[in-house]
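J.: Below you'll find my_file-v1.txt; it's compact mmCIF, C-alpha atoms.
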```
# COMPACT_ATOMS: atom_id res chain seq x y z
CA MET A 50 -13.19 -7.08 32.95
CA LEU A 51 -11.45 -6.78 29.57
CA SER A 52 -12.10 -10.41 28.71
CA LYS A 53 -15.79 -9.89 29.52
CA VAL A 54 -15.97 -6.97 27.09
CA TYR A 55 -14.41 -9.14 24.38
CA GLU A 56 -16.90 -11.88 25.21
CA SER A 57 -19.77 -9.43 24.81
CA LEU A 58 -18.40 -8.70 21.33
CA GLY A 59 -18.45 -12.36 20.32
CA ILE A 60 -14.92 -13.47 21.27
CA SER A 61 -14.93 -16.67 23.32
CA PRO A 62 -12.75 -16.88 26.47
CA GLN A 63 -10.65 -19.58 24.77
CA VAL A 64 -9.87 -17.40 21.75
CA TYR A 65 -9.17 -14.37 23.96
CA GLU A 66 -6.77 -16.37 26.14
CA LYS A 67 -4.97 -17.73 23.07
CA GLY A 68 -4.52 -14.20 21.81
CA GLU A 69 -3.15 -12.98 25.14
CA LYS A 70 -0.66 -15.85 25.26
CA ILE A 71 0.66 -14.94 21.82
CA LEU A 72 0.88 -11.24 22.69
CA SER A 73 3.10 -11.98 25.68
CA SER A 74 5.76 -13.27 23.27
CA LEU A 75 5.69 -10.22 20.98
CA GLU A 76 6.87 -7.52 23.36
CA LYS A 77 10.34 -7.21 21.83
CA ARG A 78 9.04 -6.99 18.25
CA PHE A 79 6.44 -4.40 19.19
CA LYS A 80 9.14 -2.30 20.85
CA GLU A 81 11.17 -2.34 17.63
CA ILE A 82 8.11 -1.17 15.69
CA ASP A 83 7.58 1.68 18.16
CA GLU A 84 11.21 2.79 17.67
CA ILE A 85 10.75 2.95 13.88
CA ALA A 86 7.49 4.87 14.37
CA GLU A 87 9.24 7.38 16.61
CA TYR A 88 12.00 7.88 14.03
CA ASN A 89 9.48 8.42 11.23
CA GLN A 90 7.32 10.67 13.39
CA LEU A 91 10.28 12.96 13.96
CA LYS A 92 11.14 12.82 10.25
CA VAL A 93 7.63 13.98 9.32
CA LEU A 94 7.63 16.67 12.01
CA LYS A 95 11.04 17.97 10.90
CA ALA A 96 9.87 18.20 7.28
CA MET A 97 6.76 20.14 8.27
CA GLN A 98 8.80 22.54 10.37
CA GLU A 99 11.46 23.07 7.70
CA CYS A 100 8.80 23.75 5.06
CA LYS A 101 7.15 26.26 7.41
CA VAL A 102 3.71 24.69 7.48
CA SER A 103 1.37 27.38 8.78
CA GLU A 104 -2.29 27.72 9.64
CA ALA A 105 -2.79 29.29 6.22
CA CYS A 106 -1.62 26.03 4.64
CA LEU A 107 -4.67 24.25 6.06
CA LEU A 108 -7.07 26.43 4.08
CA GLY A 109 -8.28 25.32 0.68
CA THR A 110 -8.81 26.86 -2.71
CA THR A 111 -11.50 26.53 -5.37
CA GLY A 112 -11.64 27.04 -9.10
CA TYR A 113 -8.27 26.89 -10.83
CA GLY A 114 -6.35 26.67 -7.57
CA TYR A 115 -3.68 29.17 -8.57
CA ASN A 116 -1.13 29.96 -5.85
CA ASP A 117 -2.50 27.32 -3.48
CA LEU A 118 -0.06 27.75 -0.59
CA GLY A 119 -1.19 24.65 1.30
CA ARG A 120 -1.06 22.38 -1.75
CA ASP A 121 2.37 23.57 -2.83
CA THR A 122 3.79 23.38 0.69
CA LEU A 123 2.42 19.86 1.19
CA GLU A 124 4.23 18.76 -1.94
CA GLU A 125 7.44 20.25 -0.56
CA VAL A 126 6.87 18.30 2.66
CA TYR A 127 6.42 15.04 0.75
CA ALA A 128 9.55 15.67 -1.32
CA ARG A 129 11.55 16.30 1.84
CA ILE A 130 10.22 13.19 3.62
CA PHE A 131 10.92 10.96 0.60
CA GLY A 132 14.25 12.63 -0.20
CA THR A 133 13.24 13.60 -3.75
CA GLU A 134 13.50 16.67 -5.95
CA ASP A 135 9.76 17.15 -6.24
CA ALA A 136 6.36 15.60 -5.49
CA LEU A 137 2.80 15.65 -6.74
CA VAL A 138 0.15 15.17 -4.01
CA ARG A 139 -3.40 15.77 -5.18
CA PRO A 140 -7.02 14.88 -4.39
CA GLN A 141 -7.51 14.69 -8.17
CA ILE A 142 -5.48 11.45 -8.09
CA THR A 143 -8.33 9.09 -7.28
CA CYS A 144 -6.52 5.95 -6.07
CA GLY A 145 -3.27 3.99 -6.11
CA THR A 146 -3.95 2.50 -9.55
CA HIS A 147 -4.62 5.99 -10.92
CA ALA A 148 -1.34 7.24 -9.43
CA LEU A 149 0.60 4.37 -11.02
CA SER A 150 -1.19 4.83 -14.34
CA LEU A 151 -0.34 8.53 -14.22
CA ALA A 152 3.34 7.74 -13.63
CA LEU A 153 3.42 5.26 -16.51
CA PHE A 154 1.53 7.24 -19.14
CA SER A 155 3.39 10.47 -18.37
CA ASN A 156 6.90 9.04 -18.58
CA LEU A 157 6.54 6.51 -21.40
CA ARG A 158 6.13 7.25 -25.10
CA PRO A 159 5.13 5.12 -28.12
CA GLY A 160 7.94 2.70 -28.93
CA ASP A 161 9.16 2.54 -25.31
CA GLU A 162 9.13 -0.65 -23.28
CA LEU A 163 8.13 -1.14 -19.65
CA LEU A 164 9.88 -3.94 -17.76
CA SER A 165 8.76 -5.56 -14.51
CA PRO A 166 11.75 -7.40 -13.01
CA VAL A 167 9.59 -8.72 -10.16
CA GLY A 168 7.04 -10.75 -12.09
CA LYS A 169 3.35 -10.10 -12.52
CA PRO A 170 2.03 -6.70 -11.40
CA TYR A 171 -1.03 -6.11 -9.24
CA ASP A 172 -4.30 -7.17 -10.88
CA THR A 173 -5.65 -3.67 -11.58
CA LEU A 174 -2.50 -2.75 -13.52
CA GLU A 175 -3.01 -5.58 -16.01
CA GLU A 176 -5.57 -3.53 -17.94
CA VAL A 177 -3.50 -0.35 -17.60
CA ILE A 178 -0.52 -2.09 -19.20
CA GLY A 179 -2.58 -4.12 -21.66
CA ILE A 180 -1.80 -7.59 -20.33
CA ARG A 181 -5.58 -7.89 -20.28
CA LYS A 182 -7.08 -6.02 -23.21
CA SER A 183 -8.66 -2.72 -22.25
CA LYS A 184 -9.45 0.61 -23.88
CA GLY A 185 -6.74 3.21 -23.40
CA SER A 186 -4.03 0.79 -22.25
CA LEU A 187 -0.30 1.34 -22.74
CA ALA A 188 -0.43 -1.35 -25.42
CA GLU A 189 -2.90 0.74 -27.44
CA TYR A 190 -0.36 3.55 -27.45
CA GLY A 191 2.40 1.29 -28.78
CA ILE A 192 4.17 0.87 -25.45
CA SER A 193 5.36 -2.70 -25.02
CA TYR A 194 5.74 -4.68 -21.83
CA ARG A 195 7.78 -7.60 -20.63
CA GLN A 196 8.42 -9.17 -17.25
CA VAL A 197 11.01 -11.35 -15.59
CA ASP A 198 9.51 -13.75 -13.09
CA LEU A 199 11.01 -14.20 -9.67
CA LEU A 200 13.05 -17.24 -8.79
CA GLU A 201 12.26 -19.55 -5.88
CA GLU A 202 11.65 -17.87 -2.52
CA GLY A 203 11.04 -14.53 -4.23
CA ARG A 204 14.64 -13.95 -5.34
CA PHE A 205 15.44 -11.67 -8.28
CA ASP A 206 16.50 -13.38 -11.51
CA TYR A 207 19.43 -11.07 -12.20
CA GLN A 208 20.55 -12.93 -15.31
CA GLY A 209 17.02 -12.85 -16.70
CA ILE A 210 16.76 -9.13 -15.95
CA GLU A 211 20.04 -8.38 -17.70
CA ASN A 212 18.88 -10.35 -20.74
CA ALA A 213 15.52 -8.53 -20.80
CA ILE A 214 16.90 -4.98 -20.75
CA ASN A 215 17.31 -3.62 -24.27
CA GLU A 216 17.48 -0.35 -26.20
CA LYS A 217 13.69 0.10 -25.87
CA THR A 218 13.60 -0.34 -22.09
CA LYS A 219 12.59 3.10 -20.78
CA MET A 220 11.20 2.25 -17.36
CA ILE A 221 11.22 -0.56 -14.85
CA THR A 222 8.38 -0.94 -12.36
CA ILE A 223 8.99 -2.56 -9.00
CA GLN A 224 5.98 -3.53 -6.93
CA ARG A 225 7.16 -3.45 -3.33
CA SER A 226 4.20 -5.24 -1.76
CA LYS A 227 3.01 -8.71 -2.68
CA GLY A 228 -0.42 -7.79 -4.08
CA TYR A 229 -2.61 -10.84 -4.54
CA GLN A 230 0.41 -13.13 -4.48
CA THR A 231 2.16 -15.07 -1.75
CA ARG A 232 5.67 -13.92 -2.60
CA PRO A 233 7.69 -11.95 -0.05
CA THR A 234 7.42 -8.18 0.09
CA PHE A 235 10.69 -6.51 -0.83
CA SER A 236 12.68 -4.53 1.71
CA VAL A 237 14.01 -1.08 0.86
CA SER A 238 17.50 -2.58 0.86
CA GLN A 239 16.53 -5.27 -1.67
CA ILE A 240 14.90 -2.66 -3.90
CA GLY A 241 18.06 -0.55 -3.71
CA GLU A 242 20.21 -3.51 -4.79
CA LEU A 243 17.90 -4.22 -7.74
CA ILE A 244 17.90 -0.58 -8.86
CA SER A 245 21.69 -0.41 -8.60
CA PHE A 246 21.97 -3.54 -10.77
CA VAL A 247 19.62 -2.13 -13.41
CA LYS A 248 21.31 1.30 -13.48
CA LYS A 249 24.70 -0.31 -14.10
CA ILE A 250 23.26 -1.95 -17.23
CA LYS A 251 21.29 1.10 -18.41
CA PRO A 252 21.93 4.29 -16.37
CA ASP A 253 19.15 6.33 -18.01
CA VAL A 254 16.33 3.87 -17.29
CA ILE A 255 13.57 5.26 -15.04
CA CYS A 256 13.09 3.15 -11.93
CA MET A 257 9.58 3.42 -10.46
CA VAL A 258 8.46 1.78 -7.22
CA ASP A 259 4.86 1.01 -6.35
CA ASN A 260 5.19 1.95 -2.69
CA CYS A 261 1.61 1.13 -1.65
CA TYR A 262 1.36 -0.35 1.87
CA GLY A 263 5.08 0.21 2.48
CA GLU A 264 5.36 3.83 3.58
CA PHE A 265 6.79 4.35 7.10
CA VAL A 266 7.25 0.63 7.70
CA GLU A 267 11.02 1.15 7.58
CA LYS A 268 13.18 4.17 8.38
CA THR A 269 14.00 4.72 4.70
CA GLU A 270 11.93 4.81 1.51
CA PRO A 271 12.82 3.41 -1.95
CA SER A 272 13.45 6.94 -3.24
CA GLN A 273 16.40 7.12 -0.84
CA VAL A 274 18.09 4.11 -2.44
CA GLY A 275 17.91 5.12 -6.08
CA ALA A 276 14.25 5.05 -7.19
CA ASP A 277 13.43 7.83 -9.65
CA LEU A 278 9.75 7.65 -8.74
CA VAL A 279 7.79 6.34 -5.76
CA VAL A 280 4.03 6.16 -6.03
CA GLY A 281 1.23 5.51 -3.58
CA SER A 282 -2.30 6.15 -2.35
CA LEU A 283 -3.36 8.54 0.41
CA ILE A 284 -6.06 6.15 1.65
CA LYS A 285 -3.28 3.77 2.59
CA ASN A 286 -0.34 4.46 4.93
CA PRO A 287 0.56 8.13 4.25
CA GLY A 288 -3.00 9.40 4.67
CA GLY A 289 -3.07 8.22 8.27
CA GLY A 290 -6.75 7.29 7.97
CA LEU A 291 -7.81 10.93 7.63
CA ALA A 292 -7.21 11.63 3.95
CA PRO A 293 -10.58 11.10 2.21
CA ILE A 294 -9.05 10.60 -1.26
CA GLY A 295 -5.83 11.21 -3.14
CA GLY A 296 -2.52 9.86 -4.28
CA TYR A 297 1.10 10.93 -4.46
CA LEU A 298 4.14 10.70 -6.69
CA ALA A 299 7.59 11.68 -5.41
CA GLY A 300 10.67 11.68 -7.57
CA THR A 301 12.90 13.55 -9.97
CA LYS A 302 11.93 16.99 -11.19
CA GLU A 303 11.44 15.74 -14.75
CA ALA A 304 9.33 12.71 -13.81
CA ILE A 305 7.04 14.80 -11.60
CA GLU A 306 6.74 17.55 -14.20
CA ASN A 307 5.73 14.94 -16.78
CA ALA A 308 3.14 13.55 -14.37
CA ALA A 309 1.72 17.00 -13.60
CA TYR A 310 1.25 17.78 -17.29
CA ARG A 311 -0.51 14.45 -17.74
CA LEU A 312 -2.75 14.96 -14.68
CA THR A 313 -3.90 18.44 -15.77
CA SER A 314 -2.84 19.68 -19.19
CA PRO A 315 0.28 20.58 -21.17
CA GLY A 316 1.16 24.14 -20.27
CA LEU A 317 -0.67 23.99 -16.92
CA GLY A 318 0.96 21.21 -14.92
CA LYS A 319 1.24 21.79 -11.17
CA GLU A 320 -0.08 25.36 -11.35
CA VAL A 321 -3.73 24.29 -11.33
CA GLY A 322 -5.76 21.91 -9.20
CA ALA A 323 -7.76 23.30 -6.30
CA SER A 324 -7.40 21.60 -2.92
CA LEU A 325 -11.10 22.13 -2.07
CA GLY A 326 -10.79 22.43 1.69
CA ILE A 327 -9.36 18.99 2.49
CA LEU A 328 -5.75 20.00 3.11
CA SER A 329 -6.09 19.83 6.88
CA SER A 330 -6.95 16.13 6.53
CA PHE A 331 -3.93 15.58 4.27
CA TYR A 332 -1.56 17.31 6.67
CA GLN A 333 -2.95 15.80 9.86
CA GLY A 334 -3.18 12.35 8.29
CA LEU A 335 0.45 12.53 7.21
CA PHE A 336 1.44 13.65 10.71
CA LEU A 337 -0.34 10.63 12.24
CA ALA A 338 0.79 8.17 9.54
CA PRO A 339 3.88 6.76 11.32
CA THR A 340 1.85 5.89 14.44
CA VAL A 341 -1.09 4.50 12.47
CA THR A 342 1.26 2.40 10.33
CA ALA A 343 2.92 1.03 13.48
CA GLY A 344 -0.46 -0.12 14.82
CA ALA A 345 -1.24 -1.85 11.53
CA LEU A 346 2.16 -3.56 11.59
CA LYS A 347 1.54 -4.91 15.07
CA GLY A 348 -1.80 -6.24 13.88
CA ALA A 349 -0.16 -8.03 10.95
CA ILE A 350 2.40 -9.71 13.20
CA PHE A 351 -0.29 -10.72 15.68
CA ALA A 352 -2.37 -12.22 12.86
CA ALA A 353 0.61 -14.16 11.50
CA ASN A 354 1.32 -15.72 14.87
CA LEU A 355 -2.31 -16.53 15.62
CA PHE A 356 -3.13 -18.19 12.30
CA GLU A 357 0.23 -19.90 11.90
CA GLN A 358 -0.26 -21.62 15.23
CA ALA A 359 -3.67 -22.74 13.95
CA GLY A 360 -1.93 -24.56 11.10
CA PHE A 361 -2.45 -22.17 8.18
CA LYS A 362 0.26 -20.94 5.83
CA VAL A 363 0.97 -17.27 6.43
CA VAL A 364 3.13 -14.81 4.45
CA PRO A 365 5.17 -13.31 5.99
CA ASN A 366 5.50 -16.01 8.62
CA SER A 367 5.45 -15.29 12.34
CA THR A 368 9.17 -14.49 12.61
CA GLU A 369 10.08 -12.82 9.31
CA SER A 370 10.97 -9.15 9.04
CA ARG A 371 8.24 -6.79 7.79
CA HIS A 372 8.36 -4.44 4.83
CA ASP A 373 4.66 -3.66 4.36
CA ILE A 374 1.47 -3.86 6.44
CA ILE A 375 -0.15 -6.76 4.56
CA GLN A 376 -0.61 -10.21 6.07
CA ALA A 377 -1.59 -13.10 3.80
CA VAL A 378 -3.30 -16.20 5.20
CA THR A 379 -3.93 -19.17 2.90
CA PHE A 380 -6.94 -21.37 3.68
CA GLY A 381 -7.09 -23.58 0.59
CA CYS A 382 -10.85 -23.11 0.31
CA ALA A 383 -13.25 -20.27 -0.40
CA GLU A 384 -15.06 -20.81 2.93
CA GLY A 385 -11.97 -19.76 4.89
CA VAL A 386 -11.49 -16.54 2.93
CA ILE A 387 -15.17 -15.65 3.29
CA ALA A 388 -15.27 -16.46 7.02
CA PHE A 389 -12.16 -14.35 7.69
CA CYS A 390 -13.69 -11.37 5.88
CA GLU A 391 -16.98 -11.81 7.75
CA GLY A 392 -15.06 -11.65 11.03
CA ILE A 393 -13.26 -8.45 10.01
CA GLN A 394 -16.57 -6.86 8.96
CA LYS A 395 -18.15 -7.76 12.29
CA ALA A 396 -15.34 -5.88 14.04
CA ALA A 397 -15.85 -2.67 12.04
CA PRO A 398 -17.08 0.62 13.53
CA VAL A 399 -19.10 1.26 10.35
CA ASP A 400 -21.42 -1.30 8.70
CA SER A 401 -20.58 -4.02 11.23
CA PHE A 402 -24.02 -5.54 10.54
CA VAL A 403 -23.25 -6.03 6.83
CA ILE A 404 -22.22 -9.47 5.53
CA PRO A 405 -19.55 -9.17 2.79
CA GLU A 406 -19.99 -11.28 -0.33
CA PRO A 407 -17.77 -12.04 -3.34
CA TRP A 408 -18.54 -9.93 -6.41
CA ASP A 409 -17.28 -9.12 -9.90
CA MET A 410 -15.14 -6.14 -8.96
CA PRO A 411 -13.89 -3.91 -11.82
CA GLY A 412 -10.25 -4.50 -12.75
CA TYR A 413 -10.03 -8.11 -11.51
CA ASP A 414 -10.22 -11.41 -13.39
CA SER A 415 -12.15 -13.28 -10.70
CA GLN A 416 -14.68 -12.53 -8.00
CA VAL A 417 -13.25 -10.64 -5.04
CA ILE A 418 -14.51 -10.36 -1.48
CA MET A 419 -13.75 -7.24 0.53
CA ALA A 420 -14.41 -6.44 4.17
CA ALA A 421 -13.96 -2.82 5.22
CA GLY A 422 -16.35 -1.04 7.52
CA ALA A 423 -14.39 2.17 7.15
CA PHE A 424 -14.85 5.88 7.76
CA VAL A 425 -13.30 6.45 4.31
CA SER A 426 -14.74 4.14 1.66
CA GLY A 427 -12.16 1.60 0.49
CA SER A 428 -9.50 2.86 2.88
CA SER A 429 -7.09 -0.03 3.39
CA ILE A 430 -5.13 1.66 6.18
CA GLU A 431 -8.32 1.09 8.15
CA LEU A 432 -9.11 -2.43 9.35
CA SER A 433 -9.79 -4.39 6.19
CA ALA A 434 -9.38 -7.72 4.45
CA ASP A 435 -9.90 -8.89 0.91
CA GLY A 436 -8.97 -11.60 -1.52
CA PRO A 437 -9.83 -13.18 -4.87
CA ILE A 438 -12.07 -16.22 -4.79
CA LYS A 439 -9.67 -18.52 -6.63
CA PRO A 440 -6.90 -20.97 -5.68
CA PRO A 441 -4.97 -21.01 -3.44
CA TYR A 442 -7.77 -19.13 -1.61
CA THR A 443 -5.68 -16.59 0.26
CA VAL A 444 -7.00 -13.64 2.23
CA TYR A 445 -5.02 -10.41 2.59
CA PHE A 446 -5.41 -8.53 5.86
CA GLN A 447 -4.20 -5.00 6.50
CA GLY A 448 -4.79 -1.87 8.46
CA GLY A 449 -6.26 -0.76 11.73
CA LEU A 450 -6.22 2.90 12.73
CA THR A 451 -5.27 1.79 16.23
CA TRP A 452 -3.49 -1.31 17.45
CA ASN A 453 -6.37 -2.08 19.81
CA HIS A 454 -8.85 -2.18 16.96
CA ALA A 455 -6.51 -4.30 14.84
CA LYS A 456 -6.21 -6.76 17.72
CA PHE A 457 -9.98 -7.08 18.08
CA GLY A 458 -10.47 -7.44 14.33
CA ILE A 459 -7.99 -10.30 14.14
CA LEU A 460 -9.57 -12.09 17.09
CA SER A 461 -12.96 -11.63 15.43
CA ALA A 462 -11.68 -13.10 12.15
CA TYR A 463 -10.10 -16.00 14.03
CA GLN A 464 -13.34 -16.63 15.92
CA GLN A 465 -15.37 -16.62 12.70
CA VAL A 466 -13.01 -19.08 10.98
CA LYS A 467 -13.09 -21.27 14.07
CA ASN A 468 -16.89 -21.20 14.06
CA THR A 469 -16.93 -22.60 10.51
CA GLY A 470 -15.13 -25.74 11.71
CA LEU A 471 -12.00 -25.14 9.64
CA MET A 472 -9.85 -25.52 12.76
CA VAL A 473 -10.15 -27.20 16.10
```
For this file, produce the structure as structure tokens.
T.:
Amino acid sequence: MLSKVYESLGISPQVYEKGEKILSSLEKRFKEIDEIAEYNQLKVLKAMQECKVSEACLLGTTGYGYNDLGRDTLEEVYARIFGTEDALVRPQITCGTHALSLALFSNLRPGDELLSPVGKPYDTLEEVIGIRKSKGSLAEYGISYRQVDLLEEGRFDYQGIENAINEKTKMITIQRSKGYQTRPTFSVSQIGELISFVKKIKPDVICMVDNCYGEFVEKTEPSQVGADLVVGSLIKNPGGGLAPIGGYLAGTKEAIENAAYRLTSPGLGKEVGASLGILSSFYQGLFLAPTVTAGALKGAIFAANLFEQAGFKVVPNSTESRHDIIQAVTFGCAEGVIAFCEGIQKAAPVDSFVIPEPWDMPGYDSQVIMAAGAFVSGSSIELSADGPIKPPYTVYFQGGLTWNHAKFGILSAYQQVKNTGLMV
């Protein structure tokens, strides 16, 4: 009966059977994911209990937002989960790029230098930094930037990093996930080793980690291995699919205080910023986040196995360990990227009838195609796929609020690519 339902949704019996065959070999890996999810679920629950989350915390405030119990308690919960001194979790932080920009502008001053020891940052940060000229960039404020590219197979160039650190180096930024690249995602352990190396050279340097797509994938977070700041978006992993907007920063007291003064105003900081009645979504989304992330991880592994067996290059490959929820599939042609995204869109609960097309998206240097029929616009913890229309023509798949939906979405994408004639 199940195969017939899939067939009614456009999945051929051959594709369904191929998927089932692959799933039979993934039982052990899925069990390991469930164990990590259970650990993180208990970690989140313990933090909420220790911070005495109450029904009153779920109520919102308006206006200035003075004495917002729910907002302040939520930030305590985040700090406890991430093992940091403080946190800033606000709906006024509009997206992941905004959260990262906030961290950079609040903790860097004219004459300082920002160093990326992991190569090129995510596309939307290029204008923030000033790699691509833009109004209001760090470069316009006299903050310089340099990067050390990765070595082969995504290894850190430790000698190059040591040579790059100088008296002006105030902050290093480590992007955990691959972004629109095909390099490996870094594990928490690898990030910890890199931070330890940097701190030995310059102990006072601020180490910031772009944690987007990585939260709850492992049992520990980068802030527990030396990061002074971890930054992310609430419409990715930690929002659990329920947060309608928002971002977070967790880190040292000073770094968070600086960020709060930049977000609001000097003299006001964390004291203002109304929560506007969406705190229940923030709390409940965070509570569900470990389970939702586990479902997305299973989907990524399933996709890697399915498309690797079809002959496409996938990163990570079908057997590698996982440190974020993103799965890259390289097609070598625009048609493959577009077909994959069309398949994901067809599997969506919202706007499944819409055909995604490449467009000139703000912040990117080429056309980008995005598929995301989501309950929250742009939410990439929900089933979604996107990619730039440029060589090597790679699509980036992530999300799925449930494993079952992720499974269907991947089969739909596979079916659509198959229908284009790009594979037998």
J.: How far is it from atom CA of A:Val341 to atom CA of A:Leu450, in Å with one decimal?
T.: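 Atom CA of A:Leu450 lies 5.4 Å from atom CA of A:Val341.
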J.: Around all the atoms of stretch 113-126 of chain A listed in the file, with 6 Å of room on each side, what axis-aligned box do you get, giving centre and edge lengths in Å to one decimal, as lines of an AutoDock Vina configuration file?
T.:
```
center_x = -0.4
center_y = 24.1
center_z = -4.1
size_x = 27.7
size_y = 23.7
size_z = 25.5
```
J.: What's the 6 Å shell around stretch 225-234 of chain A, counting all atoms listed in the file, without same-chain residues fewer than 5 positions away, as an MDAnalysis selection string?
T.: chainID A and resid 171 203 259:260
J.: Choose the residue, out of A:Val386, A:Phe336, A:Glu211, A:Ser155, that has the smallest atom-to-atom separation from A:Pro315; count all atoms listed in the file.
T.: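 Of A:Val386, A:Phe336, A:Glu211, A:Ser155, the one nearest A:Pro315, counting all atoms listed in the file, is A:Ser155.
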J.: Can you tell me, as a list in words, what residues are no more than 9 Å from stretch 459-461 of chain A when counting only C-alpha atoms, ignoring any on the same chain fewer than 2 positions away?
T.: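 Result of the neighbour search: Leu58, Gly59, Ile60, Val64, Tyr65, Gly68, Gly348, Ala349, Phe351, Ala352, Leu355, Phe389, Glu391, Gly392, Ile393, Gln394, Lys395, Ala396, Phe446, His454, Ala455, Lys456, Phe457, Tyr463, Gln464, Gln465 and Val466 of chain A.
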J.: Sorted by chain and rising residue number, which residues of stretch 361-426 of chain A lie within 10 Å of stretch 76-94 of chain A, and what are their closest atom pairs and distances in Å to one decimal, counting only C-alpha atoms, as a tab-separated table?
T.:
```
residue	atom	partner	partner_atom	distance
A:Thr368	CA	A:Arg78	CA	9.4
A:Ser370	CA	A:Arg78	CA	9.7
A:Arg371	CA	A:Ile82	CA	9.7
```
J.: Keeping C-alpha atoms, export the residues of the selection given above as a tab-separated table (two decimals), keeping the file's coordinate frame.
T.:
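Final file, result08.tsv:
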```
chain	number	residue	atom	x	y	z
A	368	THR	CA	9.17	-14.49	12.61
A	370	SER	CA	10.97	-9.15	9.04
A	371	ARG	CA	8.24	-6.79	7.79
```
J.: With all atoms listed in the file as the basis for distance, which of A:Ala136, A:Ile142, A:Ala323, A:Ile404 is at the shortest distance from A:Ser272?
T.: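 The shortest atom-to-atom distance to A:Ser272 comes from A:Ala136.
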J.: Give me, please, the distance in Å between atom CA of A:Ala292 and atom CA of A:Gln333, quoted to one decimal.
T.: 8.4 Å
J.: What are the closest atom pairs, with distances in Å to one decimal, for each residue of stretch 259-342 of chain A lying within 10 Å of stretch 108-124 of chain A, using all atoms listed in the file, rows by chain and rising residue number, as a Markdown table?
T.:
```
| residue | atom | partner | partner_atom | distance |
| --- | --- | --- | --- | --- |
| A:Tyr297 | CA | A:Glu124 | CA | 8.8 |
| A:Leu298 | CA | A:Glu124 | CA | 9.4 |
| A:Ala299 | CA | A:Glu124 | CA | 8.6 |
| A:Lys319 | CA | A:Asp121 | CA | 8.6 |
| A:Glu320 | CA | A:Tyr115 | CA | 5.9 |
| A:Val321 | CA | A:Gly114 | CA | 5.2 |
| A:Gly322 | CA | A:Gly114 | CA | 5.1 |
| A:Ala323 | CA | A:Gly114 | CA | 3.9 |
| A:Ser324 | CA | A:Gly109 | CA | 5.3 |
| A:Leu325 | CA | A:Gly109 | CA | 5.1 |
| A:Gly326 | CA | A:Gly109 | CA | 4.0 |
| A:Ile327 | CA | A:Gly109 | CA | 6.7 |
| A:Leu328 | CA | A:Gly109 | CA | 6.4 |
| A:Ser329 | CA | A:Leu108 | CA | 7.2 |
| A:Phe331 | CA | A:Leu123 | CA | 8.3 |
| A:Tyr332 | CA | A:Leu123 | CA | 7.2 |
| A:Leu335 | CA | A:Leu123 | CA | 9.7 |
```
